[in-house]
Amino acid sequence: MSRKPKLRGRAARLARLIPVTAGSGQAARTPFVLLVVLLLGGGLIGLLVLNSALSEGSFKLDDLQKGTTDLTDEEQALQRSIDAYSAPEALQRRARELGMVPGGDPAFLNPDGTVKGVPSPAADAQPASVRRPLVLAPEAMDPAGGLPPATGTPAPTATAPTATAPTATAPTRQPKPTPAAPEPVRPADPAQPAAATPVLPAMTTPTPTPGR
Amino acid sequence: MTEVSDREPPRRRVPRPARPERPAARRGPGPGARPARRPAPRPAAPKVIRLGSPRPRLRMVGLALTLVLIAFVVRLLQVQAVDASTYAAKAEENRYVGYTLAADRGGITDRAGVDLATSVDAYTITADPTLFTRKQLKVDDGPEQAAALLAPILGAEQDTLVKKLRPANRNLRYTVLAYRQTPQVWKQIKDLKTALTDRAETDPGTVNALAGVLAVPTSKRVYPNGDLAAGILGWVNAEGKGAGGVEQQLNSLLSGKDGKIRYAQAGGRQVPTVGSTETPAVPGSDVELTIDRDIQWAAQNAITDQVKASAADRGYVVVQDTRTGEILAMANSPGFDPNDLSKASSVNMGNAALQDAYEPGSTAKVMSMAAVLEQKVATPQTHVVVPNRLHRGDRLFKDDIDHPTWYLTLNGVLAKSSNIGTILATGQLGKTQRQANQVLHSYLRKFGIGGYTGLDFPGETKGILAAPGDWSTSQQFTIPFGQGVSLNAVQAASVYSTIANGGVRVEPSLVRGTKGPDGRFTPAAKPKETRVVSARTAKTLGRMLESVVDDEEGTGTKARIPGYRVAGKTGTANRVDPATGKYKGYTSSFAGFAPADKPRITVYCAIQNSTKGSYFGGQICGPVYKQVMEFALKSLQVPPTGAKAARLPVAYKP
């Protein structure tokens, strides 16, 4: 450009508007280019970091969700086994395995030692205790030991002789005036006493007329 | 160029500053050539055919352009302003994905909070049969191998699994192997699958036969106590909606409200910067019933055993708290297991204690007696001469047994359950039979006969009680002793609870309250209370009912509980066979409450069509009553009052 001839008049004025110096232009561009490169690079890295943070978050979310599911499953499985143990049917079976029998008529013990109601020995105490050992295997006592077999296998510790079993069972069912048991006799199987109730002779003649 | 522009200023406008080198590059041809070339065509122009004036053409083009632009503008307005929302919605349909968040169904518990019905996570095990073909596995017996592995885990037949994995339709890509399995089952399959995959990688001899087994997460309704209280709870259908019992009655409360989630997606992934809208699911409320699980079990056990022993069609036991009207137990036999409906018979799937209407028989005599006492036409000591036969209307009435003329008190009429005595006593209710009918009817209505119990249970019957004007000639004499009128077991139990509660009828209730998702307990509305008979009448009736059980001549001696004062009434009714509509077989029942002098619990038992052994209410329902009552007294720790029994006279010497 230095070889250019001198301009005059309008052309000179116009020429002055034009940034002609190439050297100075180059010098002004460097920071700008750097800025752009920086911005682009920064953006790229930022995006990368953001993306990996997101993936990390979703990995974590996934792990936590999986953990929640596993724990929920475990909780529900445990609840199921608790329900299985505490169902009335299962309790009755366990109680029978332990040699318990349903209590008879309810009787109450007052704080002063008097008895309310008419206590009587449990109806089917004998057959139950003869059939089954009074003492159960230790693993059956352990709540975590799993369900004992329904047959109630006699454990080696079950040394209680069958002859003493009925006498051992009956008092427990009978609310004797011991201050430790002011409650009614709880374990009851209503199915059993029915068979033992005396049949009244007057009512056994069936007649086809309604009205009883 | 600067030189040129200097000479020809109008030709070229201000040179562009961005291209300063151009003039140097174009130095060859030189700017001087241009003026020489340009003028050349100009002299030729006059020689060409003269075109029409450009003005109309320009106008035409302008007009066309205007029209086109107007069309564009109109369309733009339409898209951007008028129909903007429609298009935005259409765009969002693609941009946003949404799905429903299923609400957890609430549980049902007994009065102590023990779960009776609850929802758990489950997996439906499915398979893609195309992944078991020879092409995929390089072996022929892929389905057989998979079935052998899965059969013990799923507890299914190997053959049925093979059939499902080798369907007739070769393009089938979805088949369900087992519905609603526990997470443990799916975990077992998953573990087996990974083990097989590992083996297949190292050992080319083994194939991963389980590669095509998949699972769909779902939820399952579980009834931890099996058939316990199944009639009350009902069941849930395949869509997860309650289809019977409380599950149906309170379905909207139990099911909660499904939620919704919507987020912007790109390539199936959520765009994090775009906000997502989420309506969280509202879990269903927990329902707490008035049922006591232990008493329910005792009742169910007792009635099931007795129904079996008597080879009967059906039996019900209702246990009610006399003070609050809360139903402590409502047992039906035979019942069903709501966990496995495939084995249940549809006949047994209802709640027969509320859905069966039957003639109660003598247990209804207590209402006639209540009317007689309340109207003050007789007292328990009033003498009644009971002949062996009584002619009324078009019929000859008799008692359950042939007897010489009895000289009974009114108390004795109830204790010995004399039909004739009851007809004679209720005849005194009005000056004419018509008036007596009206009075009796008003008492029956007040006791809740012929109206809904207030439980609002699905499928509940209100029984059949004709208007007094419509009573037939024989009906007006049979209704006093409980024939010609129908009710359900809860209505019958409620009658005895009313007497036990001092003559005030408390509407039975089955739901104690609900526990919302926030954990707050909302008690159910207080049941309606209406006075039916005076407290005095109720007390007298209680003492009369005692003689039924207590007196040696009473019909309900089997229901005695030593130490307690027990009030009760037996019933043996002619049963209307639902198949033929004619009388066939008997309905045996027993109703009563204890302790008689300070009532706490009402127990009602009825057995339909007992075919083996006795069919008398006192003989087969009395023991059931005793068992259930004893258990309930022990469970609720109700001590005997220790007072002496009433021992009202049954007969008198003429």
# chains A, B, ... in the order shown; residues from 1 in each chain; ligands from 1
call {"tool": "select_by_dssp", "arguments": {"residues": "region 98-200 of chain B", "states": "strand (DSSP E or B)", "output": "JSON, numbers by chain"}}
result
{"B": [98, 99, 100, 101, 108, 109, 115, 116, 117, 118, 119, 120, 121, 122, 123, 124, 125, 126, 127, 175, 176, 177, 178, 179, 180, 181]}
call {"tool": "write_last_selection", "arguments": {"atoms": "N, CA and C atoms", "output": "PDB file, in the first residue's frame"}}
result
ATOM      1  N   GLY B  98     -44.649 -38.087  28.635  1.00  0.00           N
ATOM      2  CA  GLY B  98     -45.269 -38.110  29.958  1.00  0.00           C
ATOM      3  C   GLY B  98     -45.784 -39.487  30.255  1.00  0.00           C
ATOM      4  N   TYR B  99     -45.789 -39.844  31.483  1.00  0.00           N
ATOM      5  CA  TYR B  99     -46.442 -41.087  31.860  1.00  0.00           C
ATOM      6  C   TYR B  99     -47.049 -40.928  33.238  1.00  0.00           C
ATOM      7  N   THR B 100     -47.972 -41.826  33.559  1.00  0.00           N
ATOM      8  CA  THR B 100     -48.660 -41.726  34.846  1.00  0.00           C
ATOM      9  C   THR B 100     -47.830 -42.413  35.921  1.00  0.00           C
ATOM     10  N   LEU B 101     -47.859 -41.829  37.089  1.00  0.00           N
ATOM     11  CA  LEU B 101     -47.217 -42.438  38.249  1.00  0.00           C
ATOM     12  C   LEU B 101     -48.328 -43.134  39.031  1.00  0.00           C
ATOM     13  N   ILE B 108     -55.779 -52.267  54.262  1.00  0.00           N
ATOM     14  CA  ILE B 108     -56.922 -52.425  55.162  1.00  0.00           C
ATOM     15  C   ILE B 108     -56.411 -53.123  56.412  1.00  0.00           C
ATOM     16  N   THR B 109     -56.679 -52.549  57.554  1.00  0.00           N
ATOM     17  CA  THR B 109     -56.192 -53.143  58.792  1.00  0.00           C
ATOM     18  C   THR B 109     -57.363 -53.450  59.717  1.00  0.00           C
ATOM     19  N   ASP B 115     -52.378 -55.721  59.506  1.00  0.00           N
ATOM     20  CA  ASP B 115     -52.728 -55.700  58.081  1.00  0.00           C
ATOM     21  C   ASP B 115     -53.650 -56.849  57.718  1.00  0.00           C
ATOM     22  N   LEU B 116     -54.749 -56.506  57.076  1.00  0.00           N
ATOM     23  CA  LEU B 116     -55.629 -57.540  56.535  1.00  0.00           C
ATOM     24  C   LEU B 116     -55.524 -57.583  55.017  1.00  0.00           C
ATOM     25  N   ALA B 117     -55.192 -56.431  54.428  1.00  0.00           N
ATOM     26  CA  ALA B 117     -54.968 -56.364  52.985  1.00  0.00           C
ATOM     27  C   ALA B 117     -53.910 -55.313  52.740  1.00  0.00           C
ATOM     28  N   THR B 118     -52.941 -55.640  51.909  1.00  0.00           N
ATOM     29  CA  THR B 118     -51.866 -54.701  51.645  1.00  0.00           C
ATOM     30  C   THR B 118     -51.356 -54.920  50.221  1.00  0.00           C
ATOM     31  N   SER B 119     -50.697 -53.898  49.685  1.00  0.00           N
ATOM     32  CA  SER B 119     -50.175 -54.014  48.323  1.00  0.00           C
ATOM     33  C   SER B 119     -48.665 -54.145  48.368  1.00  0.00           C
ATOM     34  N   VAL B 120     -48.133 -55.049  47.581  1.00  0.00           N
ATOM     35  CA  VAL B 120     -46.678 -55.214  47.531  1.00  0.00           C
ATOM     36  C   VAL B 120     -46.224 -55.166  46.070  1.00  0.00           C
ATOM     37  N   ASP B 121     -44.911 -54.937  45.896  1.00  0.00           N
ATOM     38  CA  ASP B 121     -44.340 -54.946  44.554  1.00  0.00           C
ATOM     39  C   ASP B 121     -44.324 -56.371  44.025  1.00  0.00           C
ATOM     40  N   ALA B 122     -44.506 -56.479  42.737  1.00  0.00           N
ATOM     41  CA  ALA B 122     -44.476 -57.799  42.131  1.00  0.00           C
ATOM     42  C   ALA B 122     -43.974 -57.678  40.704  1.00  0.00           C
ATOM     43  N   TYR B 123     -43.613 -58.784  40.125  1.00  0.00           N
ATOM     44  CA  TYR B 123     -43.151 -58.801  38.746  1.00  0.00           C
ATOM     45  C   TYR B 123     -43.943 -59.835  37.963  1.00  0.00           C
ATOM     46  N   THR B 124     -44.380 -59.428  36.796  1.00  0.00           N
ATOM     47  CA  THR B 124     -44.982 -60.384  35.887  1.00  0.00           C
ATOM     48  C   THR B 124     -43.878 -60.887  34.977  1.00  0.00           C
ATOM     49  N   ILE B 125     -43.650 -62.184  35.009  1.00  0.00           N
ATOM     50  CA  ILE B 125     -42.543 -62.767  34.245  1.00  0.00           C
ATOM     51  C   ILE B 125     -43.038 -63.028  32.818  1.00  0.00           C
ATOM     52  N   THR B 126     -42.366 -62.401  31.859  1.00  0.00           N
ATOM     53  CA  THR B 126     -42.760 -62.561  30.467  1.00  0.00           C
ATOM     54  C   THR B 126     -41.578 -63.120  29.683  1.00  0.00           C
ATOM     55  N   ALA B 127     -41.833 -63.442  28.429  1.00  0.00           N
ATOM     56  CA  ALA B 127     -40.749 -63.955  27.594  1.00  0.00           C
ATOM     57  C   ALA B 127     -41.001 -63.565  26.147  1.00  0.00           C
ATOM     58  N   THR B 175     -45.074 -63.286  25.562  1.00  0.00           N
ATOM     59  CA  THR B 175     -45.920 -64.261  26.230  1.00  0.00           C
ATOM     60  C   THR B 175     -45.686 -64.152  27.736  1.00  0.00           C
ATOM     61  N   VAL B 176     -46.754 -64.312  28.506  1.00  0.00           N
ATOM     62  CA  VAL B 176     -46.651 -64.198  29.962  1.00  0.00           C
ATOM     63  C   VAL B 176     -46.432 -65.582  30.553  1.00  0.00           C
ATOM     64  N   LEU B 177     -45.340 -65.719  31.269  1.00  0.00           N
ATOM     65  CA  LEU B 177     -45.038 -67.019  31.873  1.00  0.00           C
ATOM     66  C   LEU B 177     -45.713 -67.154  33.233  1.00  0.00           C
ATOM     67  N   ALA B 178     -45.697 -66.079  34.024  1.00  0.00           N
ATOM     68  CA  ALA B 178     -46.324 -66.147  35.349  1.00  0.00           C
ATOM     69  C   ALA B 178     -46.710 -64.735  35.763  1.00  0.00           C
ATOM     70  N   TYR B 179     -47.919 -64.609  36.284  1.00  0.00           N
ATOM     71  CA  TYR B 179     -48.399 -63.308  36.713  1.00  0.00           C
ATOM     72  C   TYR B 179     -47.967 -63.010  38.148  1.00  0.00           C
ATOM     73  N   ARG B 180     -47.611 -61.784  38.392  1.00  0.00           N
ATOM     74  CA  ARG B 180     -47.441 -61.246  39.742  1.00  0.00           C
ATOM     75  C   ARG B 180     -46.633 -62.142  40.676  1.00  0.00           C
ATOM     76  N   GLN B 181     -45.362 -62.292  40.356  1.00  0.00           N
ATOM     77  CA  GLN B 181     -44.469 -63.060  41.212  1.00  0.00           C
ATOM     78  C   GLN B 181     -43.765 -62.121  42.195  1.00  0.00           C
TER      79      GLN B 181
END
call {"tool": "closest_residue", "arguments": {"among": "B:Thr530, B:Asn225, B:Ala466, B:Asn437", "to": "Ser86 (chain A)", "atoms": "only C-alpha atoms"}}
result
B:Asn225
call {"tool": "residues_around", "arguments": {"residues": "region 235-251 of chain B", "least_positions_apart": "3", "cutoff": "10 Å", "atoms": "only C-alpha atoms", "output": "VMD selection string"}}
result
chain B and resid 105 to 108 117 219 to 223 230 to 232 254 to 256 284 to 285 287 289 337 to 341 349 to 351 455 to 460 510 to 511
call {"tool": "write_last_selection", "arguments": {"atoms": "N, CA and C atoms", "output": "short mmCIF file (atom, residue, chain, number, x, y, z; two decimals), in the first residue's frame"}}
result
data_model
loop_
_atom_site.label_atom_id
_atom_site.label_comp_id
_atom_site.auth_asym_id
_atom_site.auth_seq_id
_atom_site.Cartn_x
_atom_site.Cartn_y
_atom_site.Cartn_z
N ARG B 105 -52.01 -48.35 46.44
CA ARG B 105 -53.32 -48.60 47.03
C ARG B 105 -53.18 -48.72 48.54
N GLY B 106 -54.11 -48.10 49.23
CA GLY B 106 -54.05 -48.13 50.69
C GLY B 106 -54.32 -49.53 51.23
N GLY B 107 -53.90 -49.75 52.43
CA GLY B 107 -54.10 -51.05 53.06
C GLY B 107 -55.38 -51.07 53.88
N ILE B 108 -55.78 -52.27 54.26
CA ILE B 108 -56.92 -52.43 55.16
C ILE B 108 -56.41 -53.12 56.41
N ALA B 117 -55.19 -56.43 54.43
CA ALA B 117 -54.97 -56.36 52.98
C ALA B 117 -53.91 -55.31 52.74
N SER B 219 -47.82 -54.33 40.67
CA SER B 219 -48.05 -54.48 42.10
C SER B 219 -49.13 -55.52 42.34
N LYS B 220 -49.13 -56.05 43.53
CA LYS B 220 -49.98 -57.19 43.82
C LYS B 220 -50.70 -56.93 45.13
N ARG B 221 -51.95 -57.29 45.19
CA ARG B 221 -52.72 -57.17 46.43
C ARG B 221 -52.54 -58.45 47.22
N VAL B 222 -52.16 -58.29 48.46
CA VAL B 222 -51.87 -59.46 49.28
C VAL B 222 -52.77 -59.44 50.52
N TYR B 223 -53.32 -60.57 50.84
CA TYR B 223 -54.12 -60.73 52.05
C TYR B 223 -53.36 -61.67 52.98
N ALA B 230 -62.31 -62.71 54.56
CA ALA B 230 -62.32 -62.50 53.11
C ALA B 230 -63.63 -61.90 52.64
N GLY B 231 -64.73 -62.34 53.24
CA GLY B 231 -66.04 -61.83 52.83
C GLY B 231 -66.15 -60.33 53.05
N ILE B 232 -65.57 -59.84 54.13
CA ILE B 232 -65.64 -58.41 54.42
C ILE B 232 -64.69 -57.66 53.50
N LEU B 254 -59.35 -46.00 48.73
CA LEU B 254 -58.18 -46.87 48.81
C LEU B 254 -57.22 -46.64 47.65
N SER B 255 -57.79 -46.35 46.47
CA SER B 255 -56.93 -46.33 45.29
C SER B 255 -56.12 -45.05 45.18
N GLY B 256 -56.51 -43.99 45.88
CA GLY B 256 -55.73 -42.76 45.79
C GLY B 256 -55.87 -42.10 44.43
N GLY B 284 -53.32 -43.98 48.24
CA GLY B 284 -54.63 -44.20 48.83
C GLY B 284 -54.57 -44.20 50.35
N SER B 285 -55.72 -43.96 50.96
CA SER B 285 -55.78 -43.95 52.43
C SER B 285 -55.85 -45.38 52.95
N VAL B 287 -57.48 -48.00 55.44
CA VAL B 287 -58.80 -48.12 56.07
C VAL B 287 -58.66 -49.01 57.29
N LEU B 289 -60.65 -51.18 59.94
CA LEU B 289 -61.96 -51.77 60.18
C LEU B 289 -62.21 -51.93 61.67
N ASP B 337 -60.31 -67.74 49.47
CA ASP B 337 -59.02 -67.12 49.70
C ASP B 337 -58.82 -66.02 48.65
N PRO B 338 -58.85 -64.76 49.04
CA PRO B 338 -58.72 -63.71 48.04
C PRO B 338 -57.35 -63.65 47.39
N ASN B 339 -56.38 -64.36 47.94
CA ASN B 339 -55.05 -64.40 47.31
C ASN B 339 -55.06 -65.24 46.04
N ASP B 340 -56.00 -66.16 45.96
CA ASP B 340 -56.04 -67.06 44.82
C ASP B 340 -57.50 -67.22 44.38
N LEU B 341 -57.94 -66.28 43.55
CA LEU B 341 -59.35 -66.29 43.16
C LEU B 341 -59.65 -67.39 42.17
N MET B 349 -68.00 -66.08 47.13
CA MET B 349 -67.16 -64.89 47.12
C MET B 349 -67.82 -63.65 47.71
N GLY B 350 -69.11 -63.75 48.03
CA GLY B 350 -69.75 -62.59 48.62
C GLY B 350 -69.59 -62.57 50.12
N ASN B 351 -70.33 -61.68 50.75
CA ASN B 351 -70.36 -61.65 52.20
C ASN B 351 -71.77 -62.05 52.60
N LEU B 455 -74.45 -50.09 56.89
CA LEU B 455 -73.05 -50.37 56.58
C LEU B 455 -72.69 -49.93 55.16
N ASP B 456 -73.72 -49.84 54.30
CA ASP B 456 -73.50 -49.42 52.93
C ASP B 456 -72.61 -50.41 52.19
N PHE B 457 -72.73 -51.65 52.54
CA PHE B 457 -71.88 -52.69 51.98
C PHE B 457 -72.40 -53.07 50.60
N PRO B 458 -71.49 -53.28 49.62
CA PRO B 458 -71.99 -53.65 48.29
C PRO B 458 -72.75 -54.98 48.32
N GLY B 459 -73.89 -54.96 47.68
CA GLY B 459 -74.68 -56.19 47.58
C GLY B 459 -75.50 -56.51 48.80
N GLU B 460 -75.54 -55.59 49.74
CA GLU B 460 -76.26 -55.85 50.98
C GLU B 460 -77.77 -55.94 50.71
N LEU B 510 -68.65 -50.83 60.38
CA LEU B 510 -67.59 -51.76 59.99
C LEU B 510 -66.26 -51.04 59.80
N VAL B 511 -66.33 -49.74 59.59
CA VAL B 511 -65.10 -48.97 59.35
C VAL B 511 -64.90 -48.02 60.52
#
call {"tool": "residues_around", "arguments": {"residues": "region 593-607 of chain B", "least_positions_apart": "6", "cutoff": "7 Å", "atoms": "only C-alpha atoms", "output": "ChimeraX atom specification"}}
result
/B:307,312,314-323,493,496-497,500,542,546,564-568,587,621,625,629,640
call {"tool": "write_last_selection", "arguments": {"atoms": "N, CA and C atoms", "output": "PDB file, in the first residue's frame"}}
result
ATOM      1  N   VAL B 307     -70.253 -75.931  60.293  1.00  0.00           N
ATOM      2  CA  VAL B 307     -70.886 -76.113  58.980  1.00  0.00           C
ATOM      3  C   VAL B 307     -70.445 -77.444  58.379  1.00  0.00           C
ATOM      4  N   ALA B 312     -73.830 -78.544  56.310  1.00  0.00           N
ATOM      5  CA  ALA B 312     -74.782 -77.473  56.008  1.00  0.00           C
ATOM      6  C   ALA B 312     -74.369 -76.724  54.752  1.00  0.00           C
ATOM      7  N   ARG B 314     -74.393 -73.352  54.507  1.00  0.00           N
ATOM      8  CA  ARG B 314     -73.742 -72.077  54.753  1.00  0.00           C
ATOM      9  C   ARG B 314     -73.918 -71.732  56.225  1.00  0.00           C
ATOM     10  N   GLY B 315     -73.042 -70.914  56.724  1.00  0.00           N
ATOM     11  CA  GLY B 315     -73.193 -70.452  58.100  1.00  0.00           C
ATOM     12  C   GLY B 315     -72.598 -69.079  58.270  1.00  0.00           C
ATOM     13  N   TYR B 316     -73.144 -68.315  59.214  1.00  0.00           N
ATOM     14  CA  TYR B 316     -72.601 -66.979  59.470  1.00  0.00           C
ATOM     15  C   TYR B 316     -72.478 -66.772  60.970  1.00  0.00           C
ATOM     16  N   VAL B 317     -71.490 -66.014  61.355  1.00  0.00           N
ATOM     17  CA  VAL B 317     -71.365 -65.573  62.739  1.00  0.00           C
ATOM     18  C   VAL B 317     -71.099 -64.071  62.709  1.00  0.00           C
ATOM     19  N   VAL B 318     -71.857 -63.324  63.499  1.00  0.00           N
ATOM     20  CA  VAL B 318     -71.620 -61.889  63.610  1.00  0.00           C
ATOM     21  C   VAL B 318     -71.361 -61.592  65.081  1.00  0.00           C
ATOM     22  N   VAL B 319     -70.274 -60.890  65.353  1.00  0.00           N
ATOM     23  CA  VAL B 319     -69.953 -60.464  66.712  1.00  0.00           C
ATOM     24  C   VAL B 319     -69.977 -58.939  66.723  1.00  0.00           C
ATOM     25  N   GLN B 320     -70.752 -58.387  67.655  1.00  0.00           N
ATOM     26  CA  GLN B 320     -70.916 -56.948  67.661  1.00  0.00           C
ATOM     27  C   GLN B 320     -70.685 -56.415  69.071  1.00  0.00           C
ATOM     28  N   ASP B 321     -70.060 -55.257  69.133  1.00  0.00           N
ATOM     29  CA  ASP B 321     -69.905 -54.566  70.404  1.00  0.00           C
ATOM     30  C   ASP B 321     -71.245 -53.903  70.723  1.00  0.00           C
ATOM     31  N   THR B 322     -71.827 -54.245  71.845  1.00  0.00           N
ATOM     32  CA  THR B 322     -73.193 -53.771  72.107  1.00  0.00           C
ATOM     33  C   THR B 322     -73.236 -52.267  72.343  1.00  0.00           C
ATOM     34  N   ARG B 323     -72.145 -51.708  72.850  1.00  0.00           N
ATOM     35  CA  ARG B 323     -72.187 -50.282  73.203  1.00  0.00           C
ATOM     36  C   ARG B 323     -71.965 -49.377  72.007  1.00  0.00           C
ATOM     37  N   ALA B 493     -78.303 -59.623  64.412  1.00  0.00           N
ATOM     38  CA  ALA B 493     -77.380 -59.330  65.513  1.00  0.00           C
ATOM     39  C   ALA B 493     -77.689 -57.959  66.111  1.00  0.00           C
ATOM     40  N   TYR B 496     -80.392 -57.843  68.838  1.00  0.00           N
ATOM     41  CA  TYR B 496     -79.950 -58.237  70.182  1.00  0.00           C
ATOM     42  C   TYR B 496     -79.045 -57.187  70.800  1.00  0.00           C
ATOM     43  N   SER B 497     -78.255 -56.528  69.961  1.00  0.00           N
ATOM     44  CA  SER B 497     -77.400 -55.449  70.484  1.00  0.00           C
ATOM     45  C   SER B 497     -78.253 -54.309  71.004  1.00  0.00           C
ATOM     46  N   ALA B 500     -79.408 -55.259  74.312  1.00  0.00           N
ATOM     47  CA  ALA B 500     -78.268 -55.233  75.225  1.00  0.00           C
ATOM     48  C   ALA B 500     -77.865 -53.812  75.580  1.00  0.00           C
ATOM     49  N   GLY B 542     -83.672 -58.637  78.734  1.00  0.00           N
ATOM     50  CA  GLY B 542     -82.388 -59.275  79.008  1.00  0.00           C
ATOM     51  C   GLY B 542     -82.551 -60.389  80.032  1.00  0.00           C
ATOM     52  N   GLU B 546     -82.215 -64.521  79.597  1.00  0.00           N
ATOM     53  CA  GLU B 546     -81.358 -65.330  80.455  1.00  0.00           C
ATOM     54  C   GLU B 546     -81.986 -66.691  80.737  1.00  0.00           C
ATOM     55  N   TYR B 564     -70.705 -66.803  84.089  1.00  0.00           N
ATOM     56  CA  TYR B 564     -71.264 -65.622  83.423  1.00  0.00           C
ATOM     57  C   TYR B 564     -72.779 -65.722  83.357  1.00  0.00           C
ATOM     58  N   ARG B 565     -73.386 -64.576  83.329  1.00  0.00           N
ATOM     59  CA  ARG B 565     -74.817 -64.547  83.040  1.00  0.00           C
ATOM     60  C   ARG B 565     -74.965 -64.314  81.549  1.00  0.00           C
ATOM     61  N   VAL B 566     -75.567 -65.270  80.875  1.00  0.00           N
ATOM     62  CA  VAL B 566     -75.647 -65.223  79.416  1.00  0.00           C
ATOM     63  C   VAL B 566     -77.102 -65.098  78.991  1.00  0.00           C
ATOM     64  N   ALA B 567     -77.366 -64.164  78.107  1.00  0.00           N
ATOM     65  CA  ALA B 567     -78.701 -64.023  77.533  1.00  0.00           C
ATOM     66  C   ALA B 567     -78.660 -64.522  76.108  1.00  0.00           C
ATOM     67  N   GLY B 568     -79.672 -65.255  75.715  1.00  0.00           N
ATOM     68  CA  GLY B 568     -79.648 -65.781  74.354  1.00  0.00           C
ATOM     69  C   GLY B 568     -81.009 -66.262  73.930  1.00  0.00           C
ATOM     70  N   THR B 587     -83.290 -73.325  58.971  1.00  0.00           N
ATOM     71  CA  THR B 587     -82.277 -72.342  59.334  1.00  0.00           C
ATOM     72  C   THR B 587     -82.137 -72.411  60.852  1.00  0.00           C
ATOM     73  N   CYS B 621     -75.996 -74.234  66.927  1.00  0.00           N
ATOM     74  CA  CYS B 621     -75.483 -72.873  66.998  1.00  0.00           C
ATOM     75  C   CYS B 621     -75.152 -72.468  68.429  1.00  0.00           C
ATOM     76  N   TYR B 625     -71.963 -70.352  69.485  1.00  0.00           N
ATOM     77  CA  TYR B 625     -72.132 -69.123  70.251  1.00  0.00           C
ATOM     78  C   TYR B 625     -71.227 -69.134  71.475  1.00  0.00           C
ATOM     79  N   MET B 629     -68.285 -66.595  72.002  1.00  0.00           N
ATOM     80  CA  MET B 629     -68.497 -65.669  73.109  1.00  0.00           C
ATOM     81  C   MET B 629     -67.376 -65.794  74.140  1.00  0.00           C
ATOM     82  N   PRO B 640     -66.791 -61.575  84.546  1.00  0.00           N
ATOM     83  CA  PRO B 640     -68.193 -61.770  84.935  1.00  0.00           C
ATOM     84  C   PRO B 640     -68.553 -60.760  86.026  1.00  0.00           C
TER      85      PRO B 640
END
call {"tool": "select_by_dssp", "arguments": {"residues": "region 404-536 of chain B", "states": "alpha helix (DSSP H)", "output": "ChimeraX atom specification"}}
result
/B:410-415,419-426,433-446,475-478,489-500,535-536
call {"tool": "closest_residue", "arguments": {"among": "A:Gly57, A:Ala87, A:Asp105, A:Ala123", "to": "Arg293 (chain B)", "atoms": "only C-alpha atoms"}}
result
A:Ala87
call {"tool": "residues_around", "arguments": {"residues": "Tyr452 (chain B)", "least_positions_apart": "4", "cutoff": "12 Å", "atoms": "only C-alpha atoms", "output": "number ranges by chain"}}
result
B: 354-355, 357, 445-448, 456-465, 487-492, 494, 507-508
call {"tool": "closest_residue", "arguments": {"among": "A:Pro88, A:Glu75, A:Ala122, A:Arg80", "to": "Gly103 (chain A)", "atoms": "only C-alpha atoms"}}
result
A:Ala122
call {"tool": "residues_around", "arguments": {"residues": "His441 (chain B)", "least_positions_apart": "3", "cutoff": "12 Å", "atoms": "only C-alpha atoms", "output": "ChimeraX atom specification"}}
result
/B:367-368,371,426,429-430,434-438,444-450,465-471,475-476,479-480,485
